[in-house]
Structure formats: structure tokens, C-alpha cells
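Peer 1: So here's entry.cif, just mmCIF, C-alpha atoms:
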```
data_work
loop_
_atom_site.label_atom_id
_atom_site.label_comp_id
_atom_site.auth_asym_id
_atom_site.auth_seq_id
_atom_site.Cartn_x
_atom_site.Cartn_y
_atom_site.Cartn_z
CA MET A 1 6.01 11.27 18.88
CA GLN A 2 5.69 9.73 22.35
CA LEU A 3 8.69 8.89 24.55
CA ILE A 4 8.34 5.69 26.57
CA LYS A 5 10.45 4.19 29.35
CA GLU A 6 9.72 0.49 28.89
CA ASP A 7 10.00 -0.92 25.38
CA GLU A 8 10.88 -4.59 25.87
CA ASP A 9 7.63 -5.88 24.38
CA LEU A 10 7.57 -3.43 21.47
CA GLU A 11 8.66 -4.28 17.93
CA PRO A 12 11.46 -2.10 16.51
CA VAL A 13 10.85 -0.04 13.39
CA SER A 14 12.77 -1.18 10.31
CA PRO A 15 15.39 1.07 8.64
CA LEU A 16 13.17 1.44 5.56
CA VAL A 17 10.30 2.74 7.71
CA HIS A 18 12.71 5.20 9.31
CA TYR A 19 13.46 6.50 5.83
CA LEU A 20 9.80 6.74 4.80
CA ASN A 21 8.61 8.56 7.93
CA ASN A 22 10.78 11.31 9.39
CA LYS A 23 10.84 15.09 9.81
CA VAL A 24 11.87 15.64 6.20
CA LEU A 25 10.04 12.88 4.31
CA SER A 26 6.63 11.30 4.78
CA VAL A 27 5.38 9.00 2.01
CA SER A 28 1.75 7.91 1.73
CA ILE A 29 -0.20 5.64 -0.60
CA LEU A 30 -3.66 6.59 -1.87
CA GLY A 31 -6.09 3.85 -2.88
CA ILE A 32 -9.32 4.92 -4.59
CA LEU A 33 -12.40 2.72 -4.97
CA GLU A 34 -15.32 3.85 -7.13
CA SER A 35 -18.84 2.51 -6.67
CA GLU A 36 -21.53 2.15 -9.32
CA ILE A 37 -24.25 2.64 -6.68
CA PRO A 38 -24.59 5.30 -3.94
CA ILE A 39 -22.49 4.53 -0.86
CA ASP A 40 -24.26 3.71 2.40
CA ASP A 41 -21.82 4.47 5.23
CA SER A 42 -24.14 3.36 8.04
CA GLN A 43 -22.07 0.19 8.57
CA ALA A 44 -18.66 1.75 7.87
CA MET A 45 -17.53 1.92 11.49
CA SER A 46 -18.36 -1.70 12.26
CA LEU A 47 -16.71 -2.91 9.03
CA ILE A 48 -13.54 -0.99 9.83
CA LYS A 49 -13.39 -2.39 13.38
CA ASP A 50 -14.29 -5.99 12.51
CA VAL A 51 -12.73 -6.40 9.05
CA PHE A 52 -10.18 -3.68 8.28
CA LEU A 53 -8.27 -3.36 11.58
CA PRO A 54 -7.59 -7.12 12.11
CA ILE A 55 -5.90 -7.40 8.68
CA ASN A 56 -2.65 -5.75 9.76
CA PRO A 57 -1.42 -5.05 13.33
CA ARG A 58 0.14 -1.82 12.02
CA PHE A 59 -3.37 -0.43 11.49
CA SER A 60 -3.68 -0.40 15.31
CA SER A 61 -0.14 0.73 16.12
CA ILE A 62 1.70 4.03 16.46
CA MET A 63 5.38 4.91 16.39
CA VAL A 64 6.99 5.74 19.74
CA ILE A 65 10.55 6.47 20.84
CA GLY A 66 12.09 3.84 23.11
CA LYS A 67 14.33 4.42 26.11
CA LYS A 68 17.43 4.10 23.92
CA GLY A 69 16.15 6.56 21.31
CA GLY A 70 15.07 4.02 18.71
CA ARG A 71 11.60 3.95 17.20
CA LYS A 72 9.18 1.20 18.14
CA TRP A 73 5.68 0.04 17.13
CA LYS A 74 3.20 0.29 20.02
CA LYS A 75 -0.27 -1.27 19.96
CA VAL A 76 -3.03 1.19 20.91
CA GLU A 77 -6.80 1.41 21.09
CA VAL A 78 -8.09 2.90 17.84
CA ASN A 79 -10.81 5.53 17.83
CA VAL A 80 -12.22 4.82 14.38
CA GLU A 81 -14.19 8.08 14.28
CA ASN A 82 -10.89 10.01 14.18
CA HIS A 83 -9.86 8.21 10.99
CA VAL A 84 -13.03 8.43 8.89
CA TYR A 85 -13.99 11.58 6.98
CA VAL A 86 -17.19 12.21 5.01
CA PRO A 87 -16.78 15.51 3.13
CA ASN A 88 -19.62 17.20 1.28
CA PHE A 89 -18.99 18.92 -2.04
CA SER A 90 -21.14 21.93 -2.85
CA SER A 91 -20.82 24.90 -5.18
CA GLN A 92 -21.75 28.50 -4.50
CA LYS A 93 -25.17 27.79 -6.02
CA GLY A 94 -25.84 24.95 -3.59
CA SER A 95 -25.76 21.32 -4.68
CA SER A 96 -23.13 20.62 -7.33
CA SER A 97 -23.40 18.59 -10.53
CA PRO A 98 -21.34 15.42 -11.21
CA SER A 99 -19.02 17.35 -13.55
CA GLU A 100 -18.41 19.94 -10.82
CA ASN A 101 -17.79 17.14 -8.33
CA ASP A 102 -15.02 15.84 -10.61
CA SER A 103 -13.11 19.05 -10.04
CA PHE A 104 -13.90 19.06 -6.31
CA LEU A 105 -12.71 15.46 -5.99
CA LYS A 106 -9.38 16.14 -7.72
CA SER A 107 -8.76 19.14 -5.47
CA TYR A 108 -9.73 17.12 -2.41
CA ILE A 109 -7.34 14.29 -3.32
CA LEU A 110 -4.46 16.74 -3.76
CA GLN A 111 -5.35 18.38 -0.46
CA ILE A 112 -5.37 15.21 1.65
CA ASP A 113 -2.26 13.93 -0.11
CA MET A 114 -0.29 16.97 1.05
CA GLN A 115 -1.58 16.94 4.64
CA PRO A 116 0.49 15.06 7.26
CA PHE A 117 -1.07 12.46 9.51
CA PRO A 118 -2.09 13.65 13.01
CA GLU A 119 0.40 12.64 15.69
CA GLY A 120 -0.48 10.05 18.31
CA GLN A 121 -2.71 7.85 16.17
CA PRO A 122 -2.23 5.06 13.57
CA LEU A 123 -1.09 6.18 10.13
CA TRP A 124 -4.21 5.65 8.01
CA GLU A 125 -7.37 7.50 7.00
CA ILE A 126 -10.54 6.65 5.07
CA HIS A 127 -12.45 9.33 3.16
CA ILE A 128 -15.97 8.46 2.04
CA ILE A 129 -17.24 10.63 -0.83
CA LYS A 130 -20.98 10.19 -1.27
CA CYS A 131 -21.29 12.93 -3.90
CA PRO A 132 -21.69 11.44 -7.41
CA THR A 133 -19.11 12.18 -10.10
CA SER A 134 -19.17 11.58 -13.83
CA GLU A 135 -17.39 8.24 -13.26
CA ALA A 136 -19.11 6.85 -10.14
CA GLN A 137 -21.96 7.29 -7.71
CA GLY A 138 -19.60 7.18 -4.76
CA THR A 139 -15.87 7.13 -4.00
CA VAL A 140 -13.84 5.75 -1.10
CA ILE A 141 -10.28 7.00 -0.62
CA PHE A 142 -7.82 5.05 1.54
CA LYS A 143 -4.81 7.08 2.67
CA LEU A 144 -2.20 4.72 4.10
CA HIS A 145 1.31 5.61 5.16
CA HIS A 146 4.04 3.75 3.29
CA ALA A 147 5.43 2.68 6.67
CA LEU A 148 2.47 0.27 6.97
CA GLY A 149 3.58 -1.67 3.89
CA ASP A 150 4.27 -1.45 0.17
CA GLY A 151 1.63 -0.79 -2.46
CA TYR A 152 1.25 -4.47 -3.41
CA SER A 153 0.61 -5.69 0.15
CA LEU A 154 -1.69 -2.80 1.00
CA VAL A 155 -3.80 -3.31 -2.13
CA GLY A 156 -4.02 -7.00 -1.25
CA ALA A 157 -5.15 -6.07 2.26
CA LEU A 158 -7.85 -3.74 0.93
CA LEU A 159 -9.09 -6.32 -1.60
CA SER A 160 -9.38 -8.89 1.19
CA CYS A 161 -12.03 -6.66 2.77
CA LEU A 162 -14.26 -6.98 -0.29
CA GLN A 163 -16.87 -9.66 -0.96
CA ARG A 164 -18.50 -10.98 -4.12
CA ALA A 165 -21.97 -9.58 -4.76
CA ASP A 166 -23.34 -12.90 -6.02
CA ASP A 167 -21.94 -15.02 -3.15
CA PRO A 168 -20.22 -13.26 -0.21
CA SER A 169 -18.92 -16.61 1.11
CA ILE A 170 -16.62 -16.98 -1.92
CA PRO A 171 -13.37 -14.94 -1.97
CA ILE A 172 -13.22 -12.18 -4.55
CA THR A 173 -11.68 -13.33 -7.83
CA PHE A 174 -10.41 -11.69 -11.00
CA PRO A 175 -10.34 -12.92 -14.61
CA SER A 176 -7.54 -15.36 -15.34
CA VAL A 177 -4.77 -14.62 -17.79
CA ASN A 178 -5.48 -14.95 -21.51
CA LYS A 179 -4.84 -18.21 -23.30
CA ASP A 180 -2.33 -16.42 -25.50
CA ASP A 181 -0.24 -15.63 -22.42
CA ARG A 182 -0.28 -19.28 -21.33
CA SER A 183 0.64 -20.65 -24.73
CA ILE A 184 3.98 -18.91 -25.08
CA GLY A 185 6.51 -21.30 -26.63
CA LEU A 186 9.60 -22.60 -24.88
CA ARG A 187 11.86 -20.37 -26.96
CA LYS A 188 10.02 -17.23 -26.01
CA ALA A 189 9.89 -18.28 -22.36
CA VAL A 190 13.65 -18.90 -22.23
CA SER A 191 14.31 -15.62 -24.03
CA LYS A 192 12.05 -13.82 -21.58
CA TYR A 193 13.83 -15.20 -18.51
CA ILE A 194 17.27 -14.48 -19.96
CA SER A 195 16.16 -10.91 -20.64
CA LEU A 196 14.90 -10.62 -17.04
CA LEU A 197 18.24 -11.91 -15.74
CA ILE A 198 20.23 -9.44 -17.86
CA ASN A 199 18.01 -6.54 -16.81
CA THR A 200 18.30 -7.53 -13.15
CA VAL A 201 22.10 -7.67 -13.28
CA ARG A 202 22.22 -4.37 -15.17
CA ASP A 203 19.87 -2.58 -12.79
CA PHE A 204 21.67 -3.94 -9.72
CA SER A 205 25.07 -2.89 -11.05
CA LEU A 206 23.75 0.56 -11.93
CA SER A 207 22.27 0.93 -8.44
CA VAL A 208 25.62 0.03 -6.84
CA LEU A 209 27.47 2.53 -9.05
CA LYS A 210 24.98 5.33 -8.38
CA SER A 211 25.14 4.72 -4.64
CA THR A 212 28.95 4.94 -4.64
CA CYS A 213 30.49 7.03 -7.39
CA ILE A 214 27.89 8.12 -9.98
CA GLN A 215 25.27 10.81 -9.45
CA ASP A 216 21.75 10.75 -10.86
CA ASP A 217 20.91 13.11 -13.70
CA LEU A 218 19.04 16.29 -12.89
CA SER A 219 15.28 15.85 -13.16
CA PRO A 220 12.05 17.27 -11.67
CA ILE A 221 12.63 14.88 -8.77
CA ARG A 222 16.35 15.61 -8.31
CA SER A 223 17.10 19.31 -8.75
CA GLY A 224 20.72 19.16 -7.54
CA SER A 225 20.01 21.73 -4.84
CA LYS A 226 20.38 20.90 -1.14
CA SER A 227 17.36 23.03 -0.29
CA PHE A 228 13.76 22.25 -1.15
CA LEU A 229 12.42 24.08 -4.20
CA PRO A 230 8.78 25.04 -4.89
CA PHE A 231 6.83 22.38 -6.75
CA SER A 232 3.37 21.84 -8.13
CA VAL A 233 1.20 18.73 -8.10
CA SER A 234 -0.85 17.68 -11.11
CA MET A 235 -3.10 14.69 -11.71
CA ASN A 236 -4.16 12.80 -14.80
CA VAL A 237 -6.71 9.98 -14.91
CA ILE A 238 -6.00 6.94 -17.13
CA SER A 239 -8.64 4.23 -17.35
CA LEU A 240 -7.75 0.71 -16.26
CA ASP A 241 -9.06 -0.60 -19.58
CA ARG A 242 -6.56 1.58 -21.43
CA ILE A 243 -3.69 0.33 -19.23
CA LYS A 244 -4.75 -3.28 -19.82
CA GLU A 245 -4.88 -2.61 -23.57
CA ILE A 246 -1.32 -1.27 -23.56
CA LYS A 247 -0.20 -4.21 -21.38
CA SER A 248 -1.67 -6.76 -23.78
CA HIS A 249 -0.28 -5.01 -26.87
CA LEU A 250 3.27 -4.72 -25.50
CA ARG A 251 3.14 -8.03 -23.58
CA VAL A 252 4.49 -6.47 -20.39
CA THR A 253 3.30 -6.13 -16.79
CA ILE A 254 1.08 -3.38 -15.43
CA ASN A 255 4.06 -2.08 -13.43
CA ASP A 256 5.99 -1.72 -16.70
CA VAL A 257 3.14 0.32 -18.19
CA ILE A 258 2.86 2.64 -15.18
CA THR A 259 6.64 3.08 -14.99
CA GLY A 260 6.75 3.91 -18.70
CA ILE A 261 4.01 6.52 -18.26
CA ILE A 262 5.94 8.17 -15.42
CA PHE A 263 9.21 8.25 -17.36
CA LEU A 264 7.48 9.59 -20.48
CA ALA A 265 5.82 12.37 -18.47
CA THR A 266 9.18 13.25 -16.88
CA ARG A 267 10.90 13.34 -20.28
CA LEU A 268 8.20 15.57 -21.79
CA TYR A 269 8.44 17.89 -18.78
CA MET A 270 12.20 18.20 -19.17
CA GLN A 271 11.89 18.88 -22.89
CA ARG A 272 9.36 21.63 -22.25
CA ALA A 273 11.53 23.10 -19.48
CA ASN A 274 14.58 23.17 -21.79
CA ARG A 275 12.61 25.06 -24.46
CA THR A 276 11.68 27.76 -21.97
#
```
Would you kindly transcribe this structure into C-alpha cells?
Peer 2:
Amino acid sequence: MQLIKEDEDLEPVSPLVHYLNNKVLSVSILGILESEIPIDDSQAMSLIKDVFLPINPRFSSIMVIGKKGGRKWKKVEVNVENHVYVPNFSSQKGSSSPSENDSFLKSYILQIDMQPFPEGQPLWEIHIIKCPTSEAQGTVIFKLHHALGDGYSLVGALLSCLQRADDPSIPITFPSVNKDDRSIGLRKAVSKYISLLINTVRDFSLSVLKSTCIQDDLSPIRSGSKSFLPFSVSMNVISLDRIKEIKSHLRVTINDVITGIIFLATRLYMQRANRT
């Protein structure tokens, strides 16, 4: 990280960003887009410069250390070529099949997820996979550091780069909510908001207690040891249609579905660990 003498015009880094990017912890967000047609990357560089970079000033900024020791955001010139990667998957026999590319893609995602960002350049990367898989003809992977924003804002930024195929002048749109969701009665709506209020108060109180006098239970995330223990990374693919089906059946949000999947996987892991 660079040390600078003059930092009057630089924006300070927030405490949350300090927590998400340090010598011990570095948290990234991976966004994956799949294409039904082969990807043509001939215009990728110009699109990144003209469309992607202007979305967020953090995409063109690096972290530096100010004269008083605090971290600051510094605007820099971005060399786009250093942020774009176009890997080629191939087996020992030569060109690989889509099913083989599925395995290569999973390994590649795990690999780039574990690698730290190079120092001295903005905290994002784009990986363009032109090898077809069983699910798509091409894949684009966005690796963005959590210091640039949360998942919701970053997904919104990426979606703003897209255009409609039928009319590029119209902003991209998604299907509206179902009529059933809009026709919820007053009683159910009041009950829903009261439930949200109770859950909010409960979660806030529990957070205060755990930050002061109660410790979290031991889990695969919290081992209770002060030192880092060996861990393994696994990946499972769940279709968006399946998530939407669960969401509609349970009448919850997509975040609720994803959180439930994570907690269920953690519980099953702990049960299996206790048996062994």
C-alpha cells in the first residue's frame, strides 16, 4: 500500500472498509453472468472504459496511507488490460467438452476467489470465459472487493451496464411481482409488518448481547481457536428457477431463501462432524 505526504483532497476510508480489507481479512464478491451465445470480447475494453468505470469512482481508485497513518481513496489512471483475464480451458487430449469445462470452471472460480488482488491497482477483476459449458456458451465473472460496496449495490451497478436486446435505448427491466403478492389483505399486511418489527427488535437485542457478554456458538465459521485452522472450499449450483419456486411457496424474500440454505448446510455439516 502506498504512503503519501499530501492527502487533503483524498476521501477517507470508512471503518467498515477497514474491517473488510486488511492483512488478516479480505472479502470479495463474485458475480457470474452466463450467455446463451458465444461471447465476443472484441469490444470488452471499450465497454469497460466507457460504461463500467464511470459507474462508481471506487472502480478507478486505490487505497493509500495518508500522512497521519489513515487510509484514503486515491483516484488513479486505470490500465484495463491488467484487470481483464481470458483463460482457455483444455484437457490433456486437447480441446475439452462442455461437461469437462464445467469442472474446469468450478476449479477456476475457487482459484480466483482465493487469490488476493494485486497491490497498487483498483480492487476489481473481470474474467471472460469463452469456453462453452453445459449451462452456457460463455461466462463472465466479476470479482469485486467488498470494500467497493455491498452485494446489492454492486449487482445494481453491473445490471446498469446491460441493455435490452430488442431495444437498447430502454433500460433493462424484470418481470413485475405476481398479482397474488399485490392482493394480500390488510390483515396479512399488518401481521407481516408486526412480525418484521418483532424480528428486528429481537435480532438487534441479540446482536447487542453477543457483542457485549454472550459468545457465538462454535460452528465451521467460528472454531473458538485464536489461530487459523485449515479449511476446504466447496461449491454447489442451485438454479434461479428453483430459488424463485421456494420463494413463492414460502412467501419470503430471495435473501431469506439463500440465508436458509446457508444455515441448513451449516447444520448438516455440524451433524456430520458430531457423528465422526
Peer 1: Using only C-alpha atoms, can you tell me which of A:Ile109, A:Leu264, A:Leu206, A:Ile128 comes closest to Ser42 (chain A)?
Peer 2: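 Result for the nearest residue to Ser42 (chain A): A:Ile128.
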Peer 1: For this structure, which residues satisfy the selection - the PyMOL selection byres ((chain A and resi 125) around 12) - when it is evaluated on the file as given? I want them as a PyMOL selection string.
Peer 2: chain A and resi 28-31+48+52-53+59+78-86+112-113+115-118+121-124+126-128+140-145
Peer 1: Quick one: residues within 9 Å of Gly70 (chain A), all atoms listed in the file counted, chain neighbours fewer than 6 positions away excluded, as a list in words?
Peer 2: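 Selected residues are Pro12, Val13 and Val64 of chain A.
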Peer 1: Give me, as a ChimeraX atom specification, all polymer residues having an atom no more than 9 Å from Ile62 (chain A), counting all atoms listed in the file and skipping those fewer than 4 positions away in the same chain.
Peer 2: /A:1,58,72-76,119-123
Peer 1: In Å, how far is it from CA of Thr253 (chain A) to CA of Ser191 (chain A)?
Peer 2: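 So the two atoms, CA of Thr253 (chain A) and CA of Ser191 (chain A), lie 16.2 Å apart.
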Peer 1: Exactly which residues make up the result of the PyMOL selection byres ((chain A and resi 89) around 12) on this file, given as a list in words?
Peer 2: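 Here the PyMOL selection byres ((chain A and resi 89) around 12) matches Val86, Pro87, Asn88, Ser90, Ser91, Gln92, Lys93, Gly94, Ser95, Ser96, Ser97, Pro98, Ser99, Glu100, Asn101, Asp102, Ser103, Phe104, Leu105, Lys106, Ser107, Tyr108, Ile128, Ile129, Lys130, Cys131, Pro132 and Thr133 of chain A.
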Peer 1: Work out how far apart CA of Lys192 (chain A) and CA of Ile246 (chain A) are and give it in Å to one decimal.
Peer 2: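 We find that CA of Lys192 (chain A) and CA of Ile246 (chain A) lie 18.4 Å from each other.
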Peer 1: Which residues are close to Leu20 (chain A), i.e. within 8 Å by only C-alpha atoms, leaving aside same-chain residues fewer than 6 positions away? Reply as a list in words.
Peer 2: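 Those residues are Ser26, Val27, His146 and Ala147 of chain A.
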Peer 1: To one decimal place in Å, what is the distance between CA of Val17 (chain A) and CA of Leu148 (chain A)?
Peer 2: 8.2 Å
Peer 1: Name the closest residue to Ala157 (chain A) among the candidates A:Ile39, A:Ile238, A:Ala44, A:Ile55; distances are taken between atoms, counting only C-alpha atoms.
Peer 2: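 Among the listed residues, the smallest separation from Ala157 (chain A) belongs to A:Ile55.
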Peer 1: When you count only C-alpha atoms, which of these residues is closest to Asp40 (chain A): A:Pro57, A:Ile254, A:Gln271, A:Gly138?
Peer 2: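 Between A:Pro57, A:Ile254, A:Gln271, A:Gly138, the residue approaching Asp40 (chain A) most closely is A:Gly138.
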Peer 1: Residue by residue, what does the PyMOL selection byres ((chain A and resi 137) around 6) grab here? Present the result as an MDAnalysis selection string.
Peer 2: chainID A and resid 35:38 132 136 138
